[in-house]
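Colleague: Before I ask anything, here is the structure I am working with.
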Amino acid sequence: MDILLLNNLLTRSAPSNWFMNSIAFWTFVLLGSMVIGGFFMFRKFLKVLPKADGKSKLDWQNHWVESSRHLWTEDAKAFLDELVQPVPGPFRDIAKHSIAAEIGKIALESGASEVTRDHCIKGYIVATPSRDNKFLVHFLDKKQIDYQPYKHLMNK
């Protein structure tokens with residue numbers, strides 16, 4: 001019986017259905033992965049293109065982070081770490097950098113002597129898409145921080 005089954009498998013001219021289906025499945029998985037990766041690479045490419053002033057969005061982010069580095073206190077850094085906690089791990093550093101740049105910009109433009117929680121909340125709202133405001137409201141409620149002064153920024 002086993003010899004007949006083996007002989008049947010070896011003399012078949014076409015591959016089996018499960019093999020062809022697995023090839024098709026992995027083709028779609030790899031193609032999907034390349035499309036997703038390409039999307040994120042293209043977004044990164046757009047960020048490094050110079051704007052009208054000659055600096056790219058990443059150049060400006062680095063400028064604001066470096067210019068405001070002396071204003072950051074341990075409390076402000078810890079608060080920023082809490083704000084970016086729900087961001088998935090592989091993207092957390094990038095999100096933290098872009099949010100910190102916006103916070104630094106707000107702090108420097110207001111002439112502050114240090115970055116406060118107020119600057120962090122304003123910078124988070126401005127730097128993140130409006131769909132993330134739901135998390136921020138939940139976070140501020142949990143920390144018992146009044147977010148009414150920031151409502152006008154959330155409705156942008």
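In the structure tokens, the first chain shown is A, the next is B, and so on; residue numbers restart at 1 for each chain, and ligands run from 1 in the order shown.
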I'd like the neighbourhood of stretch 130-144 of chain A as number ranges by chain, where a residue qualifies if any of its atoms comes within 10 Å (using only C-alpha atoms), though same-chain residues fewer than 2 positions away should be ignored.

Modeller: A: 82-84, 86, 121, 124-128, 146-148, 151, 153-156

Colleague: Write out, as a tab-separated table (two decimals), in the first residue's frame, the residues just selected, with N, CA, C and O atoms.

Modeller:
```tsv
chain	number	residue	atom	x	y	z
A	82	GLU	N	5.36	58.96	29.26
A	82	GLU	CA	4.01	58.46	29.53
A	82	GLU	C	3.08	58.72	28.36
A	82	GLU	O	2.23	57.89	28.04
A	83	LEU	N	3.23	59.88	27.74
A	83	LEU	CA	2.35	60.22	26.61
A	83	LEU	C	2.55	59.29	25.42
A	83	LEU	O	1.59	58.95	24.74
A	84	VAL	N	3.78	58.89	25.16
A	84	VAL	CA	4.05	58.06	23.98
A	84	VAL	C	4.00	56.57	24.30
A	84	VAL	O	4.30	55.75	23.42
A	86	PRO	N	1.51	54.40	24.55
A	86	PRO	CA	0.68	53.53	23.71
A	86	PRO	C	1.18	53.34	22.28
A	86	PRO	O	0.66	52.50	21.56
A	121	ILE	N	1.53	68.93	26.71
A	121	ILE	CA	0.17	68.64	26.23
A	121	ILE	C	-0.10	69.38	24.92
A	121	ILE	O	-0.61	68.81	23.96
A	124	TYR	N	1.91	67.75	22.15
A	124	TYR	CA	1.35	66.45	21.77
A	124	TYR	C	0.15	66.63	20.86
A	124	TYR	O	0.02	65.94	19.85
A	125	ILE	N	-0.72	67.58	21.22
A	125	ILE	CA	-1.92	67.81	20.41
A	125	ILE	C	-1.55	68.30	19.01
A	125	ILE	O	-2.11	67.83	18.01
A	126	VAL	N	-0.60	69.21	18.93
A	126	VAL	CA	-0.22	69.78	17.64
A	126	VAL	C	0.53	68.75	16.78
A	126	VAL	O	0.32	68.67	15.57
A	127	ALA	N	1.38	67.94	17.40
A	127	ALA	CA	2.24	67.02	16.65
A	127	ALA	C	1.55	65.73	16.22
A	127	ALA	O	2.01	65.08	15.30
A	128	THR	N	0.46	65.37	16.87
A	128	THR	CA	-0.18	64.09	16.54
A	128	THR	C	-1.47	64.31	15.76
A	128	THR	O	-2.09	65.37	15.84
A	146	ASP	N	-6.99	68.76	34.01
A	146	ASP	CA	-8.05	69.45	33.28
A	146	ASP	C	-7.58	69.77	31.86
A	146	ASP	O	-6.57	70.42	31.67
A	147	TYR	N	-8.31	69.29	30.87
A	147	TYR	CA	-7.92	69.51	29.47
A	147	TYR	C	-8.78	70.56	28.79
A	147	TYR	O	-8.66	70.76	27.58
A	148	GLN	N	-9.62	71.26	29.52
A	148	GLN	CA	-10.47	72.29	28.90
A	148	GLN	C	-9.66	73.40	28.22
A	148	GLN	O	-10.06	73.87	27.15
A	151	LYS	N	-8.95	72.41	24.55
A	151	LYS	CA	-10.06	71.98	23.67
A	151	LYS	C	-9.96	72.64	22.29
A	151	LYS	O	-10.22	71.99	21.28
A	153	LEU	N	-7.37	73.45	20.63
A	153	LEU	CA	-6.33	72.81	19.83
A	153	LEU	C	-6.79	71.45	19.30
A	153	LEU	O	-6.37	71.02	18.23
A	154	MET	N	-7.64	70.79	20.07
A	154	MET	CA	-8.12	69.46	19.66
A	154	MET	C	-9.10	69.55	18.51
A	154	MET	O	-9.26	68.60	17.74
A	155	ASN	N	-9.78	70.65	18.36
A	155	ASN	CA	-10.77	70.82	17.31
A	155	ASN	C	-10.18	71.48	16.07
A	155	ASN	O	-10.83	72.27	15.43
A	156	LYS	N	-8.95	71.14	15.76
A	156	LYS	CA	-8.29	71.77	14.59
A	156	LYS	C	-8.72	71.15	13.30
A	156	LYS	O	-9.18	70.07	13.20
```

Colleague: Within 12 Å of A:Asp59, counting only C-alpha atoms, which residues show up once you throw out same-chain ones fewer than 2 positions away? Write them as a tab-separated table (two decimals) with C-alpha atoms, in the first residue's frame, please.

Modeller:
```tsv
chain	number	residue	atom	x	y	z
A	47	LYS	CA	10.09	64.03	5.19
A	48	VAL	CA	13.68	64.47	4.01
A	49	LEU	CA	12.80	66.52	0.93
A	50	PRO	CA	13.76	70.17	1.44
A	51	LYS	CA	10.94	72.68	1.79
A	53	ASP	CA	13.26	77.42	3.17
A	54	GLY	CA	15.88	74.80	2.25
A	55	LYS	CA	15.38	72.63	5.33
A	56	SER	CA	13.42	69.41	5.46
A	57	LYS	CA	10.87	68.47	8.08
A	61	GLN	CA	12.67	68.56	14.06
A	62	ASN	CA	16.35	68.12	14.85
A	63	HIS	CA	16.76	71.89	15.16
A	64	TRP	CA	13.92	72.26	17.66
A	65	VAL	CA	15.04	69.26	19.72
A	66	GLU	CA	18.64	70.50	19.93
A	97	HIS	CA	11.31	62.69	18.64
A	98	SER	CA	8.69	64.43	16.48
A	101	ALA	CA	10.42	68.76	18.53
```

Colleague: Taking the backbone alone, and naming residues the way the document does, which bits of chain A are helix (DSSP H, G or I) by DSSP, as a PyMOL selection string?

Modeller: chain A and resi 2-11+17-48+57-67+69-71+74-83+89-109+117-127+130-142+148-154

Colleague: Name all residues at most 9 Å from A:Arg117 (count only C-alpha atoms; drop same-chain ones fewer than 6 positions away) and give them as a PyMOL selection string.

Modeller: chain A and resi 75-76+79-80

Colleague: Rounded to one decimal in Å, what is the spacing between atom CA of A:His152 and atom CA of A:Asp81?

Modeller: 24.1 Å

Colleague: Can you work out the spacing between atom CA of A:Met20 and atom CA of A:Val35 in Å, to one decimal?

Modeller: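 That distance, rounded to one decimal, is 22.6 Å.
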
Colleague: To one decimal place in Å, what is the distance between atom CA of A:Gly123 and atom CA of A:Phe91?

Modeller: 17.9 Å

Colleague: Given only C-alpha atoms as the basis, pick out the residue of A:Leu4, A:Gln85, A:Asn17, A:Arg69 nearest to A:Val115.

Modeller: A:Arg69
